[in-house]
Amino acid sequence: QVQLVESGGGLVQPGDSLKLSCAASGFTFSNYYMSWVRQAPGKGLEWVSAIDSEGSSITYADSVKGRFTVSRDNAKNTLYLQMNSLKPEDAAVYYCAKTEEDGMDYWGKGTLVTVSS
């Protein structure tokens, strides 16, 4: 069955960097778009970034553009999110999601990122 397991979250200070990982299994990872989505405490889901199956087409939310970088290693079935210059408003649970044309059909359980001084 499809499994997505995020890791790499933690407590950091404003301006710090953090790299999230998402280990995928149960499907042919290299065939699918993948996305990162976050949910801040008490708020709704916010799409962060998406990457195509080969890593050649990438999009970002305006709120993270220039600070976050999404990448993937298809040989390792792993999706990444490098987050730089973190701000308090980046604090959230970050989810990776297998992405189809009509939406995200499988999600991980998320990893918590806390940004606080």
# chains A, B, ... in the order shown; residues from 1 in each chain; ligands from 1

call {"tool": "residues_around", "arguments": {"residues": "Val5 of chain A", "least_positions_apart": "5", "cutoff": "6 Å", "atoms": "only C-alpha atoms", "output": "list of chain:residue names"}}
result
A:Cys22, A:Ala23, A:Gly108

call {"tool": "write_last_selection", "arguments": {"atoms": "N, CA and C atoms", "output": "short mmCIF file (atom, residue, chain, number, x, y, z; two decimals), in the first residue's frame"}}
result
data_model
loop_
_atom_site.label_atom_id
_atom_site.label_comp_id
_atom_site.auth_asym_id
_atom_site.auth_seq_id
_atom_site.Cartn_x
_atom_site.Cartn_y
_atom_site.Cartn_z
N CYS A 22 10.68 13.08 2.67
CA CYS A 22 9.46 12.28 2.57
C CYS A 22 9.83 10.98 1.88
N ALA A 23 9.82 9.89 2.63
CA ALA A 23 10.13 8.58 2.08
C ALA A 23 8.86 7.93 1.55
N GLY A 108 1.11 11.83 3.79
CA GLY A 108 1.78 11.31 4.96
C GLY A 108 1.13 11.85 6.22
#

call {"tool": "select_by_dssp", "arguments": {"residues": "chain A", "states": "strand (DSSP E or B)", "output": "CSV table (one decimal) with N, CA, C and O atoms, in the first residue's frame"}}
result
chain,number,residue,atom,x,y,z
A,3,GLN,N,2.7,4.4,1.1
A,3,GLN,CA,3.1,5.0,2.4
A,3,GLN,C,4.0,6.2,2.1
A,3,GLN,O,4.8,6.1,1.2
A,4,LEU,N,3.7,7.2,2.8
A,4,LEU,CA,4.5,8.5,2.8
A,4,LEU,C,4.9,8.8,4.2
A,4,LEU,O,4.0,9.0,5.0
A,5,VAL,N,6.2,8.9,4.4
A,5,VAL,CA,6.6,9.2,5.8
A,5,VAL,C,7.6,10.4,5.8
A,5,VAL,O,8.7,10.4,5.3
A,6,GLU,N,7.1,11.5,6.4
A,6,GLU,CA,7.9,12.7,6.5
A,6,GLU,C,8.8,12.7,7.7
A,6,GLU,O,8.5,12.0,8.7
A,7,SER,N,9.9,13.4,7.6
A,7,SER,CA,10.8,13.5,8.7
A,7,SER,C,11.6,14.8,8.5
A,7,SER,O,11.6,15.4,7.5
A,10,GLY,N,11.4,20.0,13.3
A,10,GLY,CA,12.0,20.3,14.6
A,10,GLY,C,11.8,21.8,14.9
A,10,GLY,O,11.1,22.5,14.3
A,11,LEU,N,12.5,22.2,16.0
A,11,LEU,CA,12.4,23.6,16.5
A,11,LEU,C,13.6,24.3,16.0
A,11,LEU,O,14.8,23.9,16.3
A,12,VAL,N,13.4,25.4,15.3
A,12,VAL,CA,14.5,26.2,14.8
A,12,VAL,C,14.2,27.7,15.2
A,12,VAL,O,13.0,28.1,15.5
A,18,LEU,N,16.2,24.3,7.5
A,18,LEU,CA,15.8,22.9,7.8
A,18,LEU,C,15.5,22.2,6.6
A,18,LEU,O,15.0,22.8,5.6
A,19,LYS,N,15.8,20.9,6.5
A,19,LYS,CA,15.5,20.1,5.3
A,19,LYS,C,14.6,19.0,5.7
A,19,LYS,O,14.9,18.1,6.6
A,20,LEU,N,13.4,18.9,5.1
A,20,LEU,CA,12.4,17.9,5.3
A,20,LEU,C,12.6,16.8,4.2
A,20,LEU,O,13.0,17.1,3.1
A,21,SER,N,12.3,15.6,4.6
A,21,SER,CA,12.3,14.4,3.7
A,21,SER,C,11.0,13.7,3.8
A,21,SER,O,10.3,13.8,4.8
A,22,CYS,N,10.7,13.1,2.7
A,22,CYS,CA,9.5,12.3,2.6
A,22,CYS,C,9.8,11.0,1.9
A,22,CYS,O,10.1,11.0,0.7
A,23,ALA,N,9.8,9.9,2.6
A,23,ALA,CA,10.1,8.6,2.1
A,23,ALA,C,8.9,7.9,1.5
A,23,ALA,O,7.9,7.8,2.3
A,24,ALA,N,8.9,7.5,0.3
A,24,ALA,CA,7.7,7.0,-0.4
A,24,ALA,C,7.9,5.5,-0.6
A,24,ALA,O,9.0,5.0,-0.9
A,25,SER,N,6.8,4.8,-0.5
A,25,SER,CA,6.8,3.3,-0.9
A,25,SER,C,5.4,2.9,-1.3
A,25,SER,O,4.4,3.6,-1.0
A,33,TYR,N,3.9,13.2,-9.9
A,33,TYR,CA,4.1,14.4,-9.3
A,33,TYR,C,4.0,14.2,-7.8
A,33,TYR,O,3.3,13.3,-7.3
A,34,MET,N,4.7,15.1,-7.0
A,34,MET,CA,4.6,15.1,-5.6
A,34,MET,C,4.4,16.5,-5.1
A,34,MET,O,4.9,17.5,-5.8
A,35,SER,N,3.8,16.7,-4.0
A,35,SER,CA,3.5,18.0,-3.4
A,35,SER,C,3.9,18.1,-2.0
A,35,SER,O,3.9,17.1,-1.3
A,36,TRP,N,4.2,19.3,-1.5
A,36,TRP,CA,4.3,19.6,-0.1
A,36,TRP,C,3.1,20.6,0.2
A,36,TRP,O,2.8,21.5,-0.5
A,37,VAL,N,2.5,20.3,1.4
A,37,VAL,CA,1.4,21.1,1.9
A,37,VAL,C,1.6,21.3,3.4
A,37,VAL,O,2.2,20.4,4.0
A,38,ARG,N,1.2,22.4,3.9
A,38,ARG,CA,1.4,22.7,5.3
A,38,ARG,C,0.1,23.2,6.0
A,38,ARG,O,-0.7,23.7,5.3
A,39,GLN,N,0.1,23.0,7.3
A,39,GLN,CA,-1.0,23.5,8.0
A,39,GLN,C,-0.5,24.1,9.3
A,39,GLN,O,0.0,23.4,10.2
A,45,LEU,N,-5.3,24.2,5.4
A,45,LEU,CA,-4.2,23.7,4.6
A,45,LEU,C,-3.7,24.7,3.6
A,45,LEU,O,-4.5,25.4,3.0
A,46,GLU,N,-2.4,24.8,3.4
A,46,GLU,CA,-1.8,25.7,2.5
A,46,GLU,C,-0.8,24.9,1.6
A,46,GLU,O,0.2,24.3,2.1
A,47,TRP,N,-1.1,24.9,0.3
A,47,TRP,CA,-0.1,24.3,-0.6
A,47,TRP,C,1.2,25.0,-0.7
A,47,TRP,O,1.2,26.3,-0.7
A,48,VAL,N,2.3,24.3,-0.7
A,48,VAL,CA,3.6,24.9,-0.6
A,48,VAL,C,4.4,24.8,-1.9
A,48,VAL,O,4.9,25.8,-2.4
A,49,SER,N,4.4,23.6,-2.4
A,49,SER,CA,5.2,23.3,-3.6
A,49,SER,C,4.8,22.0,-4.3
A,49,SER,O,4.2,21.1,-3.7
A,50,ALA,N,5.1,22.0,-5.6
A,50,ALA,CA,4.9,20.7,-6.3
A,50,ALA,C,6.0,20.5,-7.3
A,50,ALA,O,6.7,21.5,-7.7
A,51,ILE,N,6.3,19.2,-7.6
A,51,ILE,CA,7.4,18.9,-8.5
A,51,ILE,C,6.9,17.7,-9.4
A,51,ILE,O,6.3,16.8,-8.9
A,58,ILE,N,8.8,22.7,-11.5
A,58,ILE,CA,8.6,22.9,-10.1
A,58,ILE,C,7.8,24.2,-9.9
A,58,ILE,O,8.0,25.2,-10.6
A,59,THR,N,6.9,24.2,-8.9
A,59,THR,CA,6.2,25.4,-8.6
A,59,THR,C,6.1,25.6,-7.1
A,59,THR,O,6.3,24.7,-6.3
A,60,TYR,N,6.0,26.9,-6.7
A,60,TYR,CA,6.0,27.3,-5.3
A,60,TYR,C,4.9,28.3,-5.0
A,60,TYR,O,4.5,29.1,-5.9
A,68,PHE,N,12.4,28.4,-0.2
A,68,PHE,CA,12.2,26.9,-0.1
A,68,PHE,C,12.6,26.3,-1.5
A,68,PHE,O,12.4,26.9,-2.6
A,69,THR,N,13.2,25.2,-1.4
A,69,THR,CA,13.6,24.4,-2.6
A,69,THR,C,13.1,23.0,-2.5
A,69,THR,O,13.5,22.3,-1.6
A,70,VAL,N,12.3,22.6,-3.5
A,70,VAL,CA,11.8,21.2,-3.5
A,70,VAL,C,12.7,20.4,-4.5
A,70,VAL,O,13.2,20.9,-5.5
A,71,SER,N,12.9,19.1,-4.1
A,71,SER,CA,13.7,18.3,-5.0
A,71,SER,C,13.3,16.8,-4.7
A,71,SER,O,12.6,16.6,-3.8
A,72,ARG,N,13.8,16.0,-5.6
A,72,ARG,CA,13.5,14.5,-5.4
A,72,ARG,C,14.6,13.7,-5.8
A,72,ARG,O,15.4,14.1,-6.7
A,73,ASP,N,14.7,12.5,-5.2
A,73,ASP,CA,15.7,11.5,-5.7
A,73,ASP,C,14.9,10.3,-6.0
A,73,ASP,O,14.5,9.5,-5.1
A,78,THR,N,12.5,9.3,-2.6
A,78,THR,CA,12.5,10.3,-1.6
A,78,THR,C,12.3,11.7,-2.1
A,78,THR,O,12.9,12.1,-3.1
A,79,LEU,N,11.4,12.5,-1.5
A,79,LEU,CA,11.1,13.9,-1.8
A,79,LEU,C,11.7,14.7,-0.7
A,79,LEU,O,11.7,14.3,0.5
A,80,TYR,N,12.2,15.9,-1.1
A,80,TYR,CA,12.8,16.8,-0.1
A,80,TYR,C,12.2,18.2,-0.2
A,80,TYR,O,11.7,18.6,-1.2
A,81,LEU,N,12.3,18.9,0.9
A,81,LEU,CA,12.0,20.3,1.0
A,81,LEU,C,13.1,21.0,1.8
A,81,LEU,O,13.1,20.9,3.0
A,82,GLN,N,13.9,21.8,1.1
A,82,GLN,CA,15.0,22.6,1.8
A,82,GLN,C,14.3,23.9,2.1
A,82,GLN,O,13.9,24.6,1.2
A,83,MET,N,14.3,24.3,3.4
A,83,MET,CA,13.7,25.5,3.8
A,83,MET,C,14.8,26.4,4.4
A,83,MET,O,15.4,26.0,5.4
A,92,ALA,N,4.4,25.1,11.1
A,92,ALA,CA,3.3,24.3,10.6
A,92,ALA,C,3.6,22.8,10.7
A,92,ALA,O,4.8,22.4,10.8
A,93,VAL,N,2.6,22.0,10.5
A,93,VAL,CA,2.9,20.6,10.2
A,93,VAL,C,3.0,20.5,8.6
A,93,VAL,O,2.1,21.0,7.9
A,94,TYR,N,4.0,19.9,8.2
A,94,TYR,CA,4.3,19.8,6.7
A,94,TYR,C,4.0,18.4,6.3
A,94,TYR,O,4.5,17.4,6.9
A,95,TYR,N,3.2,18.3,5.2
A,95,TYR,CA,2.8,17.0,4.7
A,95,TYR,C,3.3,16.9,3.3
A,95,TYR,O,3.3,17.8,2.5
A,96,CYS,N,3.7,15.7,2.9
A,96,CYS,CA,4.0,15.4,1.5
A,96,CYS,C,2.8,14.6,1.0
A,96,CYS,O,2.1,13.9,1.7
A,97,ALA,N,2.5,14.8,-0.3
A,97,ALA,CA,1.3,14.1,-0.9
A,97,ALA,C,1.6,13.6,-2.3
A,97,ALA,O,2.2,14.4,-3.1
A,98,LYS,N,1.2,12.4,-2.6
A,98,LYS,CA,1.3,11.9,-4.0
A,98,LYS,C,0.2,12.7,-4.7
A,98,LYS,O,-0.9,12.9,-4.3
A,99,THR,N,0.6,13.1,-5.9
A,99,THR,CA,-0.3,14.1,-6.6
A,99,THR,C,-0.7,13.5,-8.0
A,99,THR,O,0.2,13.1,-8.8
A,100,GLU,N,-2.0,13.5,-8.2
A,100,GLU,CA,-2.5,13.1,-9.5
A,100,GLU,C,-3.1,14.4,-10.2
A,100,GLU,O,-3.1,15.5,-9.6
A,103,GLY,N,-5.8,16.0,-8.2
A,103,GLY,CA,-5.6,16.3,-6.8
A,103,GLY,C,-4.6,15.3,-6.1
A,103,GLY,O,-3.9,14.6,-6.7
A,104,MET,N,-4.5,15.5,-4.8
A,104,MET,CA,-3.6,14.7,-4.0
A,104,MET,C,-4.3,13.6,-3.3
A,104,MET,O,-5.3,13.8,-2.6
A,105,ASP,N,-3.9,12.4,-3.7
A,105,ASP,CA,-4.7,11.2,-3.3
A,105,ASP,C,-4.1,10.5,-2.0
A,105,ASP,O,-4.9,9.7,-1.4
A,106,TYR,N,-2.9,10.6,-1.7
A,106,TYR,CA,-2.3,10.0,-0.6
A,106,TYR,C,-1.4,11.0,0.2
A,106,TYR,O,-0.7,11.8,-0.5
A,107,TRP,N,-1.5,11.0,1.5
A,107,TRP,CA,-0.8,12.0,2.3
A,107,TRP,C,0.0,11.2,3.4
A,107,TRP,O,-0.4,10.2,3.9
A,111,THR,N,5.2,16.2,9.5
A,111,THR,CA,6.3,16.5,10.4
A,111,THR,C,6.2,18.0,10.9
A,111,THR,O,5.9,18.8,10.0
A,112,LEU,N,6.3,18.2,12.1
A,112,LEU,CA,6.1,19.5,12.7
A,112,LEU,C,7.4,20.4,12.6
A,112,LEU,O,8.4,20.0,13.1
A,113,VAL,N,7.2,21.6,12.1
A,113,VAL,CA,8.2,22.6,12.1
A,113,VAL,C,7.8,23.7,13.0
A,113,VAL,O,6.7,24.3,12.8
A,114,THR,N,8.6,24.0,14.0
A,114,THR,CA,8.4,25.1,14.9
A,114,THR,C,9.5,26.2,14.7
A,114,THR,O,10.7,25.8,14.7
A,115,VAL,N,9.1,27.4,14.5
A,115,VAL,CA,10.0,28.5,14.3
A,115,VAL,C,9.8,29.5,15.4
A,115,VAL,O,8.8,30.2,15.4

call {"tool": "closest_residue", "arguments": {"among": "A:Gly44, A:Gly15, A:Gly26, A:Gly9", "to": "Asn77 of chain A", "atoms": "only C-alpha atoms"}}
result
A:Gly26

call {"tool": "atom_distance", "arguments": {"atom1": "atom CA of Ser63 of chain A", "atom2": "atom CA of Lys43 of chain A"}}
result
15.1 Å

call {"tool": "select_by_dssp", "arguments": {"residues": "chain A", "states": "helix (DSSP H, G or I)", "output": "mmCIF file with C-alpha atoms, in the first residue's frame"}}
result
data_model
loop_
_atom_site.group_PDB
_atom_site.id
_atom_site.type_symbol
_atom_site.label_atom_id
_atom_site.label_comp_id
_atom_site.auth_asym_id
_atom_site.auth_seq_id
_atom_site.Cartn_x
_atom_site.Cartn_y
_atom_site.Cartn_z
ATOM 1 C CA PHE A 29 7.500 7.057 -7.102
ATOM 2 C CA SER A 30 9.245 8.146 -10.284
ATOM 3 C CA ASN A 31 5.949 8.199 -12.188
ATOM 4 C CA PRO A 88 7.653 32.326 12.433
ATOM 5 C CA GLU A 89 4.817 32.136 9.918
ATOM 6 C CA ASP A 90 6.421 29.040 8.388
#

call {"tool": "atom_distance", "arguments": {"atom1": "atom CA of Asp52 of chain A", "atom2": "atom CA of Gly66 of chain A"}}
result
18.6 Å

call {"tool": "atom_distance", "arguments": {"atom1": "atom CA of Gly8 of chain A", "atom2": "atom CA of Glu101 of chain A"}}
result
27.7 Å

call {"tool": "closest_residue", "arguments": {"among": "A:Tyr32, A:Asp62, A:Ala91, A:Gly110", "to": "Gln13 of chain A", "atoms": "only C-alpha atoms"}}
result
A:Ala91

call {"tool": "closest_residue", "arguments": {"among": "A:Val2, A:Ser57, A:Asp102, A:Val64", "to": "Leu86 of chain A", "atoms": "only C-alpha atoms"}}
result
A:Val64
